[in-house]
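Notes follow once the structure below has been shown.
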Amino acid sequence: MSLLRQAAPAGEITLPAGQVYRGTFGETVVSRFGAEGSPPSYHLWRLAGGQVVETVVSGIPADADRVDVADGDARSLILRYTSPEDSGGWQRWGIVDLSSGVFTRLPDRLDGAEGWEVSGFQLAGDSVLRLRMGRSKLDVYDRADLSAAPREVEAGAFGSESRFGVVGSTVLAVDPVNGGDNQRRGRPLFALTEPGLTEIMSPAADQIVPAPDGSVLVAGAAKYVEQGDLDWGIYRIREAEDGTIVRTRLTAVEPAPAEVQGLALGSGILTTATNSAIYEPSAVVGVFRSSWISNGATPSVVRSTRDSVITSAYDEATCHTGKDRCLRMFADGAGFHGPANGDFKQQTSMFANGSADVRHTVGTGSGRPELLDVSGRYGIVENGAQYITDFRTRTVLSKRAQTGAAVSGSTLWSSNNTAGTVQATRLPDGAVLESFTTPDGCLPGRLQATGRWVYWVCEDDRGGPLTAGVYDRVTKRSTGAPTGEVLLGDGYLVEEVEGVGLRLVDLRAGMSRRVLVPAAELGAWATGYTQFRGMRDSWTVDRFGGGVAYADDQQRVHIVPTGIPASNLGVIDSAVSAAAANWTGTWWLSKPAASWQVTIRNTAGTTLRTITGSSAHGLIQAAWDGKDTAGRAVADGAFTWTLTATPADRQGPALTVGNVLIGTTAPAVTGTVAVGSTVKASTGNWSPAPTSYAYQWAADGAAISGATGSTYPIPASMLGKRLTVTVTAKRAGHLSGVAKSAASAAVRAGAAPKASKAPAISGTLSVGSTVRATTGTWSPAPNSYAYQWAANGVAIKGATGSAYPIPASMLGKRLTVTVTAKRTGHAAGVAKSVSSVTVAKGAAPKATKKPKITGTAKVGKKVKVSVGAWSPKATSYRYEWRLNGKLIKGATASSLRLKSSMRGKKLTVTVIARRPGHTDGRATSTAVKTR
């Protein structure tokens, strides 16, 4: 064993085999050696210089029998034993000096008295007390001189089991705590004074510890309270100079945490069943406590109350290792909670949060009833058969054979006799609402339900799970789910996995899983096997839009948000008066509301009464006297009511319900708001659900003639206008509801026409030619086109026609044409042709009339050339003169003077016609003979 000195390790002592540990007193470990019934030896063990020193107690009578430790402190040990010399079997006592190990017999016999006179000895600081309880007396000996005559003190009603102490000349006494009803809170500490007792403190623990200064230390409280926590502390008790007893508080003693024996969480109200406040083992074992939890990422307790007492009837037969009791608990989500088991009267009870008195009970006959599920006012109780109950009216609605069942508001889910079918009916009338079939056709033996989700488990013949799944009422599909210790929340499952902890399954994210609370944080129960594990007593979920609660080994309760958004705030059940007189409305909610308002109007829409409320933890109740603002009674059927409520978690829209069709979400114009597009009206959300709708479209507030469908194709005339749609919701037996969408954005131009076939350039790409643009193919069809020609990517000024005559300046360049397609109400579409080939030179000018030599072809004379006529027209000419076909060097002018060397030869002239951007044209005159 390890020894500590003022919390610091002092060393270790290992007892040899055969030694039986009897206690540690100061720094001395005491053991006994010897089998039961044989003469024992007592051994003292202490540490000295790092070594273990053993001292065998000497002086114990050799014939001593049944030797045991009666009391002890750091200085001495009192042993009690029996001796053969006492024929009556009376006990004897002796004191052992722990420093020497020497046993000395105590004065346990009065002169001439039998053994019954002395009932024991106790150590009390510098004194040794001899107890003579048979005569209601005790004797105070000086511990330093036991041979001296003692001082006699009247002990009153105190007995040998009482604890005594001495301060100065005063003897203190306290009775031990007993296990009777509510008596585990300590007993009064008295001073044994003349002529009677003086109370020093009540209550006090039955341990009086001497201090070095002659005072004593006692644990106790300054004031006794019947229920709840006592203000425990450590007190120093001493005798003042005038003989009075002085009590001084040294430090507080924190109350031991109450054991959490059950948990329920509904609509943000946490209920704990704890073993605190009161203890009457035959009937009452603790109390229910309620805490209202704030919303948000870091939940906190807004207020808390101590509620009804817990009777032992609610205790489970099987509980967790280390727990004295456990209670599986349920929350109805509307401010009530209850244990699974019934009470001593075989009744199932739901207790009001925040009240010690209010509860609703339902009896189901003899036997021990068990609560299977509860939501709002409706519950399911099993007691040989299955009972559908209304806790608010305290009645049984129906009795049937046991089957898989769950309740969510006014919707009762039941496993049907048809294999694999689970059916939803409405309470209390039993109308069939919907049904689904398990994928493999198995019949679920267990169900849980909350709003959109239904968790089902199919079991074998012995009740063991085979398969499980979650049915989604929106997608109409079942998805496989874990079969173990599982609770269903709004959008999630929580599964207790041994050695892992609490695992979260996100129903909104494809059944993704993560550990929400590791097993180490849950405590020892997370790995120990019990019938129900920790579900509903050590951990639970808030299926009414909340998170998870669990208790750890230190009995601290944690609230853990799941991070999964809850469903929109809705009404899961309601009870509303039809008559105006003394009208009342009660609505059970799917999750808490931050605030609410009930508005009563006449049929003309005038408000008659407005009733408001702040936060609602799952339940809203309102009342109206049935009179208008002038005090006149309103006729039945001549009024409407509307309830609006904002969600406390700020998730989703506000709730709106009433007896007129109420739009909870406004209609909207959906689709592309552009000419040529078709927009559609979303009807919005209504309560209750309409059976049909009517529509009217408007532009800039003016109704559009004939536009009364759920869709509207936008014509060009709507360009720049803002559209709205008014939806009229209809349902038999209800006033029609009318709601208008917000105005759309201004209708913008429709999509530009797109070219599915690009424009192209047609014609000859050469100077002097005219090319044309083919527009390509467009969708939608344009009304007109515009053109822009470009050369080498640069727009050609003025070239905006569908045709383009190519001038000489374009020679060698590449042409493109950009076509702009236009359609009324639409943006313009633009497409460009691919670049053309390089513009080539134009065709050479051709002589339409041949050149001609004019003048007298005689030596010495000058002849000239007539250039003839050309097409296209040349801009300049060049000349080449020849004699007998041979080029005359240097003869390049339009005239030529004939030389004598030319006589008799044939003279011709070739005219070369030039035009920019064109190939040169050539033509030769008819030859003339030179004379």
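Numbering starts fresh at 1 for the residues of each chain in the structure tokens, the chains themselves are lettered A, B, ... in the order given, and ligands are numbered from 1 as they appear.
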
Long-range neighbours of region 92-107 of chain A as a ChimeraX atom specification, 7 Å cut-off, only C-alpha atoms, 2 positions minimum in chain: /A:55-60,75-82,90,109

Residues within 10 Å of region 296-313 of chain A, only C-alpha atoms, excluding chain neighbours under 5 positions, as a VMD selection string: chain A and resid 228 268 to 291 325 327 339 341 to 346 351 to 359 368 547 558 to 563 648 to 650

Assign secondary structure with DSSP using the backbone only, and return the residues of region 598-682 of chain A in strand (DSSP E or B) as a ChimeraX atom specification. /A:598-602,607-613,616,619-624,627,633,639-647,655-658,660,662-665,668-670,674,678-682

Contact check, region 161-196 of chain A to region 207-226 of chain A, at most 7 Å, counting only C-alpha atoms, closest pairs as CSV:
```
residue,atom,partner,partner_atom,distance
A:Arg163,CA,A:Gln207,CA,6.5
A:Phe164,CA,A:Ile208,CA,6.8
A:Gly165,CA,A:Ile208,CA,5.9
A:Val167,CA,A:Ser215,CA,5.6
```

Skip Ala593 (chain A) itself and residues of its chain fewer than 2 positions away, then list as a list in words all residues within 9 Å of it, counting only C-alpha atoms. Leu569, Leu589, Lys591, Ser595, Trp596, Ser614, Ser615, Ala616, His617, Gly618, Leu619, Ile620, Ala645, Thr646, Pro647, Ala648 and Asp649 of chain A

Compile the contact shell of Thr764 (chain A) as a ChimeraX atom specification: residues with an atom at most 12 Å away, counting only C-alpha atoms, same-chain residues fewer than 6 positions apart removed. /A:770-772,803-806,815,836-843

Resulting file, chosen residues, all heavy atoms, as a compact mmCIF listing (two decimals), in the first residue's frame:
```txt
# COMPACT_ATOMS: atom_id res chain seq x y z
N THR A 770 -17.15 42.16 -106.73
CA THR A 770 -18.07 42.44 -105.63
C THR A 770 -18.39 41.13 -104.92
O THR A 770 -18.84 40.17 -105.55
CB THR A 770 -19.36 43.09 -106.13
OG1 THR A 770 -19.05 44.35 -106.72
CG2 THR A 770 -20.34 43.30 -104.96
N VAL A 771 -18.10 41.11 -103.61
CA VAL A 771 -18.42 39.91 -102.82
C VAL A 771 -19.68 40.18 -102.00
O VAL A 771 -20.05 41.34 -101.76
CB VAL A 771 -17.26 39.53 -101.88
CG1 VAL A 771 -16.11 38.95 -102.67
CG2 VAL A 771 -16.78 40.74 -101.06
N ARG A 772 -20.32 39.10 -101.58
CA ARG A 772 -21.56 39.22 -100.83
C ARG A 772 -21.48 38.40 -99.53
O ARG A 772 -20.77 37.41 -99.46
CB ARG A 772 -22.75 38.75 -101.66
CG ARG A 772 -22.98 39.63 -102.88
CD ARG A 772 -24.23 39.23 -103.66
NE ARG A 772 -24.43 40.12 -104.77
CZ ARG A 772 -25.03 41.30 -104.69
NH1 ARG A 772 -25.47 41.74 -103.52
NH2 ARG A 772 -25.18 42.07 -105.75
N ALA A 803 -23.27 43.55 -99.63
CA ALA A 803 -22.30 43.31 -100.70
C ALA A 803 -21.16 44.32 -100.56
O ALA A 803 -21.34 45.42 -100.03
CB ALA A 803 -22.96 43.43 -102.06
N TYR A 804 -19.99 43.92 -101.09
CA TYR A 804 -18.84 44.80 -100.96
C TYR A 804 -17.99 44.70 -102.23
O TYR A 804 -17.41 43.65 -102.52
CB TYR A 804 -17.99 44.41 -99.76
CG TYR A 804 -16.74 45.24 -99.61
CD1 TYR A 804 -16.82 46.63 -99.46
CD2 TYR A 804 -15.48 44.65 -99.63
CE1 TYR A 804 -15.66 47.39 -99.31
CE2 TYR A 804 -14.33 45.41 -99.46
CZ TYR A 804 -14.42 46.79 -99.32
OH TYR A 804 -13.29 47.55 -99.18
N PRO A 805 -17.94 45.85 -103.03
CA PRO A 805 -17.07 45.89 -104.21
C PRO A 805 -15.63 46.12 -103.74
O PRO A 805 -15.35 47.10 -103.04
CB PRO A 805 -17.60 47.08 -105.00
CG PRO A 805 -18.28 47.95 -104.00
CD PRO A 805 -18.76 47.06 -102.90
N ILE A 806 -14.73 45.24 -104.18
CA ILE A 806 -13.38 45.26 -103.64
C ILE A 806 -12.53 46.30 -104.37
O ILE A 806 -12.28 46.16 -105.57
CB ILE A 806 -12.73 43.89 -103.75
CG1 ILE A 806 -13.61 42.83 -103.05
CG2 ILE A 806 -11.34 43.89 -103.13
CD1 ILE A 806 -13.13 41.43 -103.24
N LEU A 815 -10.44 39.45 -96.08
CA LEU A 815 -11.71 40.07 -95.73
C LEU A 815 -12.50 39.19 -94.76
O LEU A 815 -12.43 37.96 -94.80
CB LEU A 815 -12.56 40.31 -96.97
CG LEU A 815 -11.96 41.21 -98.06
CD1 LEU A 815 -12.97 41.39 -99.19
CD2 LEU A 815 -11.56 42.56 -97.49
N SER A 836 -11.33 35.51 -95.35
CA SER A 836 -11.24 35.06 -96.74
C SER A 836 -9.79 34.76 -97.10
O SER A 836 -8.88 35.01 -96.32
CB SER A 836 -11.76 36.17 -97.66
OG SER A 836 -10.84 37.26 -97.66
N VAL A 837 -9.61 34.27 -98.31
CA VAL A 837 -8.25 34.18 -98.85
C VAL A 837 -7.78 35.59 -99.16
O VAL A 837 -8.56 36.54 -99.15
CB VAL A 837 -8.21 33.30 -100.12
CG1 VAL A 837 -8.63 31.88 -99.79
CG2 VAL A 837 -9.11 33.88 -101.21
N THR A 838 -6.50 35.73 -99.45
CA THR A 838 -5.96 37.05 -99.77
C THR A 838 -6.61 37.59 -101.05
O THR A 838 -6.79 36.87 -102.03
CB THR A 838 -4.45 36.97 -99.98
OG1 THR A 838 -3.85 36.42 -98.81
CG2 THR A 838 -3.85 38.33 -100.26
N VAL A 839 -6.99 38.88 -101.02
CA VAL A 839 -7.59 39.50 -102.22
C VAL A 839 -6.55 39.53 -103.35
O VAL A 839 -5.44 40.06 -103.17
CB VAL A 839 -8.10 40.92 -101.90
CG1 VAL A 839 -8.57 41.61 -103.17
CG2 VAL A 839 -9.21 40.86 -100.86
N ALA A 840 -6.92 38.95 -104.47
CA ALA A 840 -6.01 38.87 -105.62
C ALA A 840 -6.14 40.11 -106.52
O ALA A 840 -7.08 40.90 -106.35
CB ALA A 840 -6.31 37.60 -106.40
N LYS A 841 -5.22 40.22 -107.46
CA LYS A 841 -5.34 41.33 -108.42
C LYS A 841 -6.55 41.09 -109.32
O LYS A 841 -6.89 39.95 -109.66
CB LYS A 841 -4.11 41.43 -109.30
CG LYS A 841 -2.87 41.95 -108.57
CD LYS A 841 -1.71 42.13 -109.53
CE LYS A 841 -0.51 42.74 -108.81
NZ LYS A 841 0.63 42.96 -109.75
N GLY A 842 -7.10 42.24 -109.78
CA GLY A 842 -8.24 42.13 -110.68
C GLY A 842 -7.80 41.73 -112.09
O GLY A 842 -6.60 41.73 -112.45
N ALA A 843 -8.75 41.41 -112.94
CA ALA A 843 -8.45 40.99 -114.32
C ALA A 843 -7.79 42.14 -115.10
O ALA A 843 -8.06 43.32 -114.87
CB ALA A 843 -9.73 40.57 -115.02
```

Which neighbours of Thr919 (chain A) fall inside 12 Å, counting only C-alpha atoms, when residues of the same chain fewer than 5 positions from it are skipped, and could you give them as a ChimeraX atom specification? /A:766-768,808,811,840-846,872,874,912-914

If we count only C-alpha atoms, what is near Gly510 (chain A) at a cut-off of 12 Å, once residues fewer than 3 positions away on the same chain are taken out, given as a ChimeraX atom specification? /A:470,472,478-481,491-492,505-507,513

Include N, CA and C atoms and write out the residues we just selected as a PDB file, in the first residue's frame.
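New file selection36.pdb:
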```pdb
ATOM      1  N   VAL A 470     -34.785   3.479 -41.729  1.00  0.00           N
ATOM      2  CA  VAL A 470     -35.469   4.749 -41.505  1.00  0.00           C
ATOM      3  C   VAL A 470     -36.280   5.076 -42.749  1.00  0.00           C
ATOM      4  N   ASP A 472     -38.335   7.726 -44.909  1.00  0.00           N
ATOM      5  CA  ASP A 472     -38.414   9.165 -45.151  1.00  0.00           C
ATOM      6  C   ASP A 472     -39.760   9.455 -45.793  1.00  0.00           C
ATOM      7  N   SER A 478     -37.156   3.833 -47.735  1.00  0.00           N
ATOM      8  CA  SER A 478     -36.510   3.349 -46.517  1.00  0.00           C
ATOM      9  C   SER A 478     -35.024   3.145 -46.782  1.00  0.00           C
ATOM     10  N   THR A 479     -34.203   3.504 -45.802  1.00  0.00           N
ATOM     11  CA  THR A 479     -32.758   3.323 -45.878  1.00  0.00           C
ATOM     12  C   THR A 479     -32.315   2.500 -44.678  1.00  0.00           C
ATOM     13  N   GLY A 480     -31.403   1.569 -44.902  1.00  0.00           N
ATOM     14  CA  GLY A 480     -30.909   0.724 -43.817  1.00  0.00           C
ATOM     15  C   GLY A 480     -30.316   1.539 -42.690  1.00  0.00           C
ATOM     16  N   ALA A 481     -30.500   1.053 -41.446  1.00  0.00           N
ATOM     17  CA  ALA A 481     -30.049   1.780 -40.266  1.00  0.00           C
ATOM     18  C   ALA A 481     -29.541   0.787 -39.223  1.00  0.00           C
ATOM     19  N   GLY A 491     -34.088  14.389 -37.891  1.00  0.00           N
ATOM     20  CA  GLY A 491     -33.050  14.406 -38.911  1.00  0.00           C
ATOM     21  C   GLY A 491     -31.836  13.581 -38.570  1.00  0.00           C
ATOM     22  N   TYR A 492     -31.877  12.814 -37.484  1.00  0.00           N
ATOM     23  CA  TYR A 492     -30.701  12.034 -37.106  1.00  0.00           C
ATOM     24  C   TYR A 492     -31.096  10.836 -36.258  1.00  0.00           C
ATOM     25  N   VAL A 505     -25.915   9.483 -36.702  1.00  0.00           N
ATOM     26  CA  VAL A 505     -26.211   9.150 -38.095  1.00  0.00           C
ATOM     27  C   VAL A 505     -27.049  10.287 -38.668  1.00  0.00           C
ATOM     28  N   ASP A 506     -26.523  10.964 -39.677  1.00  0.00           N
ATOM     29  CA  ASP A 506     -27.184  12.126 -40.278  1.00  0.00           C
ATOM     30  C   ASP A 506     -28.152  11.644 -41.365  1.00  0.00           C
ATOM     31  N   LEU A 507     -29.440  11.762 -41.109  1.00  0.00           N
ATOM     32  CA  LEU A 507     -30.445  11.300 -42.069  1.00  0.00           C
ATOM     33  C   LEU A 507     -30.567  12.241 -43.259  1.00  0.00           C
ATOM     34  N   ARG A 513     -21.996   9.071 -40.837  1.00  0.00           N
ATOM     35  CA  ARG A 513     -21.868   8.771 -39.414  1.00  0.00           C
ATOM     36  C   ARG A 513     -20.608   9.408 -38.841  1.00  0.00           C
TER      37      ARG A 513
END
```

Would you compute the distance between CA of Gln696 (chain A) and CA of Ala604 (chain A)? Give it in Å to one decimal.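 CA of Ala604 (chain A) lies at a distance of 22.8 Å from CA of Gln696 (chain A).
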
If you run DSSP on the backbone here, which positions in region 325-529 of chain A get alpha helix (DSSP H)? Please write them as a tab-separated table (two decimals) with N, CA and C atoms, in the first residue's frame.
```tsv
chain	number	residue	atom	x	y	z
A	519	ALA	N	-16.80	7.21	-25.90
A	519	ALA	CA	-17.16	6.36	-24.76
A	519	ALA	C	-16.49	6.84	-23.48
A	520	ALA	N	-15.25	7.35	-23.58
A	520	ALA	CA	-14.53	7.80	-22.39
A	520	ALA	C	-15.26	8.93	-21.68
A	521	GLU	N	-16.00	9.75	-22.42
A	521	GLU	CA	-16.72	10.86	-21.81
A	521	GLU	C	-18.04	10.40	-21.19
A	522	LEU	N	-18.54	9.25	-21.63
A	522	LEU	CA	-19.81	8.75	-21.10
A	522	LEU	C	-19.65	8.13	-19.73
```

Env of Glu154 (chain A): 12 Å cut, atoms = only C-alpha atoms, seq-sep filter 6 positions within chain, self excluded. Answer as a PyMOL selection string. chain A and resi 130-140+170-173+191-197

Straight-line distance linking CA of Glu382 (chain A) with CA of Thr364 (chain A), stated in Å to one decimal: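 For CA of Glu382 (chain A) relative to CA of Thr364 (chain A), the distance reads 8.4 Å.
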
Counting only C-alpha atoms, which residue out of A:Val727, A:Ala638, A:Ala240, A:Leu230 sits closest to Gly605 (chain A)?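 Among A:Val727, A:Ala638, A:Ala240, A:Leu230, it is A:Ala638 that comes nearest to Gly605 (chain A).
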
Could you check which of A:Arg931, A:Arg722, A:Arg514, A:Arg377 is closest to Thr586 (chain A), using only C-alpha atoms?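 Distance minimum relative to Thr586 (chain A) lands on A:Arg377.
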
Could you work out how far CA of Gly11 (chain A) lies from CA of Phe25 (chain A), giving the answer in Å with one decimal?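 Pair CA of Phe25 (chain A) / CA of Gly11 (chain A) returns 15.3 Å.
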